[in-house]
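Structure first, then comments.
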Amino acid sequence: MRGIGTVTAVRVRGNFREACLGGGIGRCRIAIRDFLVAADDGRADMVWEHVVGRSVVLAAVVLLALGCERAELGEWESSAQAVKLPEELRFTVAAAVRKESGTVLEPRFVGVALPKSEADRRRLQLHLKHGQAVYLLRCVQCHGTAGAGDGPVAASLYPRPRDYTKGIFKFTSTAYGSKPRREDLIQTLIRGIAGTSMPAFRLLPKRDLEAVVDYVLVLSRRGELEFLLSSEAEAAEELEPETVAEYVDTVKSRWLEAGSLATQPLTPQPELTMERVAAGREAFLTKGCSKCHGEDGRGHTKDNIGRDIWGHATRAADLSSGMLRGGQEPMDIYRRILNGINGTPMPGFRGVLESEPDTIWNLVSYVLEVSGRRREETLRGVAEIPAGLLKPYIDAAESVGAGDSSDSGEVSAASDQEE
Ligand code: HEC
Ligand code: HEC
């Protein structure tokens, strides 16, 4: 153990020196990341001992000298919104966020008191550092260091990796507008998100899975607090300690209540028969679904271009793709229809369908049938819904190299290639 620790520490130290002195910011950041990975539990003290003394100070000096203001060592990057605040408010927000959520080196949950005993505190710290190490190995390239969905490969993905810092998640078992339960996130990790680049992590050891989900929660709560405080500071042009405390409470209670908010079906699941599929199709055409999803469920309607709360282009799902993102189980689809999908134009239909709960199951039957039909019919050569190519979903304005702010609705992959 000691041997391995020492070797790692030496390697990490070597990388640091080389990368931060000669390699420029990109490589220096990678070296810092290596360091954080190596600093995971058992090796932490070792790496600390060997590396921190000189190299961290060295790296910090180099980063500052290079004008890399936003990525100070030991801090998560501030959001663009926070960075734009006047200097004094920016410091106030940063200090409040740091006090509540800790730092990269010592992460903690906003709004959750630290355990009383020293041993429990240390156990929690090791758990979160372990989650961080898993995150830096398996998630950061898409979701970004602070969880803002801005990792190095994010810009070339559709849909974009989730920006956790809004505290908003799509595939939850809870009512519209609520936080997910921790179980929902674990489920998402185990299943992945079909039809997107979000991989399934079902083979991760349980310890890694639990720890990385908690680290995502740390980032999410931190991001949400920073967002709330920055918005308040922007609007009120000041930020009192009492206001900070209120927002910490808001974050805390929102997450707390989600734990007990799993939606149950209004009526037990019936047998999903072809009669229900037919009735579901009728409801699909009359209750407003086809307006967005199209009569055949493929989403090929003229107006089917929207933006999600993260500012990216999104469209009503192609229900016939055979890849339902939120899960293929009847209960998954039921929840999407009843609760809607947070952060996207997909509305919840609780208000409309509460008085006719049978219709919800009919719609579930129909969605399931549409979702499997294209593949089966294509295989048998009798496809009613052609399998042909859809227009690419990547908004030209969002493709690599283009600014994020353009509102151009043009959708063209060809134009990417012409550039
Ligand atoms: C190759 C890129 C990629 C990697 C690697 C990746 N993700 Fe994702 N992740 C995505 C994308 C894309 C989405 C958004 C899908 C969508 O909007 O439907 C997403 C969404 C999520 C969500 C949000 C689900 C919801 O309900 O809104 C969570 C949580 C998540 N990822 C966690 C992780 C964790 C934890 C890891 C590492 C263990 C990870 N991801 C690795 C691409 C990635
Ligand atoms: C205002 C437009 C709109 C209406 C009306 C609408 N949807 Fe959606 N729906 C969406 C969008 C947008 C998404 C994709 C959200 C995302 O993942 O970004 C979606 C996603 C879904 C999904 C999840 C698909 C998946 O990949 O898991 C289901 C199921 C669904 N809709 C069913 C319905 C049904 C049934 C109705 C009618 C009762 C309906 N929708 C009405 C816009 C709409």
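As shown in the structure tokens, the chain order sets the letters A, B, ...; within each chain, residues go from 1, and ligands are also counted from 1 in the order they appear.
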
inquiry  = Just want the 10 Å neighbourhood of Asp214 of chain A, counted on only C-alpha atoms, with same-chain residues fewer than 2 positions away dropped. Output as a list in words.
reply    = Arg108, Phe109, His127, Leu128, His130, Gly131, Gln132, Arg182, Leu185, Ile186, Asp208, Leu209, Glu210, Ala211, Val212, Val216, Leu217, Val218, Leu219 and Ser220 of chain A

key: Protein and nucleic residues near ligand 2, 7 Å, only C-alpha atoms and all ligand atoms, as an MDAnalysis selection string   = chainID A and resid 284 287:293 306 308 314:317 319 323:327 333 336:337 341 344:347 349 363:364 367

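Take the candidates A:Gly223, A:Asp120, A:Gln187, A:Leu89 and check each one against Tyr164 of chain A using only C-alpha atoms; the shortest distance goes to A:Gly223.
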
message = Taking only C-alpha atoms and all ligand atoms into account, list the residues no farther than 8 Å from ligand 1, as a PyMOL selection string.
response = chain A and resi 134-135+137-143+153-154+157-162+164+168-172+180+184-186+188-189+192-193+196-199+201+209+212-213+216+325-326

For the selection you just gave me, I'd like the residues written to a file as a compact mmCIF listing (two decimals), in the first residue's frame, keeping N, CA and C atoms.
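Written out: selection14.txt:
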```txt
# COMPACT_ATOMS: atom_id res chain seq x y z
N VAL A 134 -14.56 9.03 -8.46
CA VAL A 134 -15.33 8.32 -9.50
C VAL A 134 -15.82 9.33 -10.54
N TYR A 135 -16.32 10.44 -10.04
CA TYR A 135 -16.84 11.48 -10.94
C TYR A 135 -15.76 11.98 -11.90
N LEU A 137 -13.23 10.49 -12.90
CA LEU A 137 -12.83 9.43 -13.82
C LEU A 137 -13.90 9.19 -14.89
N ARG A 138 -15.19 9.24 -14.50
CA ARG A 138 -16.23 8.73 -15.39
C ARG A 138 -17.29 9.73 -15.84
N CYS A 139 -17.34 10.88 -15.26
CA CYS A 139 -18.45 11.78 -15.56
C CYS A 139 -18.00 13.15 -16.04
N VAL A 140 -16.81 13.57 -15.59
CA VAL A 140 -16.42 14.97 -15.77
C VAL A 140 -16.29 15.38 -17.23
N GLN A 141 -15.92 14.42 -18.08
CA GLN A 141 -15.70 14.78 -19.48
C GLN A 141 -17.00 15.27 -20.12
N CYS A 142 -18.13 14.81 -19.64
CA CYS A 142 -19.41 15.30 -20.15
C CYS A 142 -20.02 16.36 -19.23
N HIS A 143 -20.05 16.06 -17.92
CA HIS A 143 -20.82 16.94 -17.03
C HIS A 143 -20.02 18.12 -16.47
N VAL A 153 -16.33 17.38 -23.87
CA VAL A 153 -17.01 16.83 -25.05
C VAL A 153 -18.48 17.27 -25.15
N ALA A 154 -18.93 18.06 -24.18
CA ALA A 154 -20.36 18.38 -24.10
C ALA A 154 -20.90 19.05 -25.36
N LEU A 157 -22.46 16.96 -28.16
CA LEU A 157 -23.49 15.96 -27.85
C LEU A 157 -24.90 16.54 -27.95
N TYR A 158 -25.82 15.73 -28.47
CA TYR A 158 -27.23 16.06 -28.39
C TYR A 158 -27.96 14.84 -27.88
N PRO A 159 -28.77 14.95 -26.85
CA PRO A 159 -28.92 16.14 -26.04
C PRO A 159 -27.67 16.43 -25.23
N ARG A 160 -27.56 17.66 -24.76
CA ARG A 160 -26.42 18.03 -23.94
C ARG A 160 -26.44 17.28 -22.61
N PRO A 161 -25.24 17.00 -22.07
CA PRO A 161 -25.20 16.41 -20.72
C PRO A 161 -25.89 17.34 -19.73
N ARG A 162 -26.49 16.74 -18.73
CA ARG A 162 -27.24 17.57 -17.77
C ARG A 162 -26.34 18.55 -17.06
N TYR A 164 -26.19 20.03 -13.76
CA TYR A 164 -26.83 19.76 -12.46
C TYR A 164 -27.00 21.04 -11.64
N ILE A 168 -32.20 20.85 -11.36
CA ILE A 168 -33.39 20.33 -12.05
C ILE A 168 -33.03 19.04 -12.77
N PHE A 169 -33.85 18.02 -12.58
CA PHE A 169 -33.61 16.72 -13.21
C PHE A 169 -34.87 16.29 -13.94
N LYS A 170 -34.67 15.58 -15.06
CA LYS A 170 -35.82 15.25 -15.91
C LYS A 170 -36.56 13.99 -15.49
N PHE A 171 -35.80 12.93 -15.21
CA PHE A 171 -36.45 11.63 -15.09
C PHE A 171 -36.63 11.26 -13.62
N THR A 172 -37.67 11.86 -13.06
CA THR A 172 -37.89 11.73 -11.63
C THR A 172 -39.18 10.94 -11.41
N PRO A 180 -35.63 15.31 -7.67
CA PRO A 180 -35.71 13.84 -7.76
C PRO A 180 -35.45 13.23 -6.39
N ASP A 184 -34.04 7.93 -7.64
CA ASP A 184 -34.25 8.21 -9.06
C ASP A 184 -32.90 8.37 -9.77
N LEU A 185 -31.98 9.05 -9.10
CA LEU A 185 -30.67 9.27 -9.72
C LEU A 185 -29.90 7.94 -9.82
N ILE A 186 -30.01 7.14 -8.79
CA ILE A 186 -29.34 5.84 -8.83
C ILE A 186 -29.89 5.01 -9.99
N THR A 188 -31.26 6.15 -12.74
CA THR A 188 -30.76 6.72 -13.99
C THR A 188 -29.34 6.22 -14.28
N LEU A 189 -28.54 6.16 -13.25
CA LEU A 189 -27.15 5.70 -13.44
C LEU A 189 -27.12 4.23 -13.83
N GLY A 192 -28.80 4.13 -17.41
CA GLY A 192 -28.36 5.04 -18.46
C GLY A 192 -29.59 5.72 -19.04
N ILE A 193 -29.40 6.57 -20.07
CA ILE A 193 -30.55 7.21 -20.69
C ILE A 193 -30.55 6.80 -22.16
N THR A 196 -29.45 8.48 -25.80
CA THR A 196 -28.55 9.62 -25.58
C THR A 196 -27.16 9.07 -25.26
N SER A 197 -26.20 9.98 -25.10
CA SER A 197 -24.83 9.53 -24.81
C SER A 197 -24.63 9.16 -23.34
N MET A 198 -25.65 9.35 -22.51
CA MET A 198 -25.51 9.05 -21.09
C MET A 198 -25.41 7.53 -20.90
N PRO A 199 -24.23 7.03 -20.50
CA PRO A 199 -24.03 5.58 -20.42
C PRO A 199 -24.74 4.96 -19.22
N PHE A 201 -24.32 2.69 -15.95
CA PHE A 201 -23.21 2.35 -15.06
C PHE A 201 -23.58 1.17 -14.18
N LEU A 209 -21.13 3.70 -7.00
CA LEU A 209 -22.41 4.23 -7.45
C LEU A 209 -23.01 5.16 -6.40
N VAL A 212 -20.82 8.34 -6.02
CA VAL A 212 -20.85 9.32 -7.11
C VAL A 212 -22.20 10.04 -7.15
N VAL A 213 -23.26 9.33 -6.80
CA VAL A 213 -24.57 10.00 -6.74
C VAL A 213 -24.55 11.08 -5.66
N VAL A 216 -22.78 14.03 -7.01
CA VAL A 216 -23.65 14.79 -7.92
C VAL A 216 -24.61 15.66 -7.09
N ARG A 325 -36.32 7.58 -23.31
CA ARG A 325 -35.24 8.00 -22.42
C ARG A 325 -35.55 7.78 -20.96
N GLY A 326 -36.79 8.03 -20.63
CA GLY A 326 -37.15 7.96 -19.21
C GLY A 326 -37.47 6.55 -18.75
```

query = Between atom CA of Glu100 of chain A and atom CA of Trp255 of chain A, what is the distance, to one decimal in Å?
reply = 15.2 Å

task = Extract the full set of strand (DSSP E or B) residues from segment 142-375 of chain A according to DSSP on the backbone, and format it as a VMD selection string.
result = chain A and resid 306 to 307 313 to 314

request  = Could you tell me how far atom CA of Leu368 of chain A lies from atom CA of Thr263 of chain A, in Å and to one decimal?
outcome  =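 Calculated distance between atom CA of Leu368 of chain A and atom CA of Thr263 of chain A is 19.9 Å.
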
request  = Measure the distance from atom CA of Ala200 of chain A to atom CA of Leu136 of chain A in Å and round it to one decimal.
outcome  =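 Value for the atom CA of Ala200 of chain A-atom CA of Leu136 of chain A distance: 16.5 Å.
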
Taking only C-alpha atoms into account, produce a table as a Markdown table in which each residue of segment 71-187 of chain A with an atom at most 9 Å from an atom of segment 243-253 of chain A appears once, together with its shortest atom pair and the distance in Å to one decimal, ordered by chain and rising number.
```
| residue | atom | partner | partner_atom | distance |
| --- | --- | --- | --- | --- |
| A:Val93 | CA | A:Val244 | CA | 8.8 |
| A:Ala96 | CA | A:Val244 | CA | 7.3 |
| A:Glu100 | CA | A:Val248 | CA | 8.0 |
| A:Val110 | CA | A:Val248 | CA | 6.8 |
| A:Gly111 | CA | A:Lys252 | CA | 4.9 |
| A:Val112 | CA | A:Lys252 | CA | 7.3 |
```

request  = Return as a ChimeraX atom specification the full set of residues in segment 231-320 of chain A whose backbone-based DSSP assignment is alpha helix (DSSP H).
outcome  = /A:231-236,241-258,274-286,289-293

ask   = From the set A:Glu232, A:Gln264, A:Asp318, A:Tyr176, which residue has the shortest atom-to-atom contact distance to Asp332 of chain A, counting only C-alpha atoms?
value = A:Gln264

request  = Excluding Thr103 of chain A and residues on its chain fewer than 5 positions from it, collect all residues at most 7 Å away from it, counting only C-alpha atoms, and give them as a PyMOL selection string.
outcome  = chain A and resi 74-76+98

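Shortest atom-to-atom contact with Met331 of chain A among A:Pro152, A:Gly351, A:Pro268, A:Gly311: A:Pro268, counting only C-alpha atoms.
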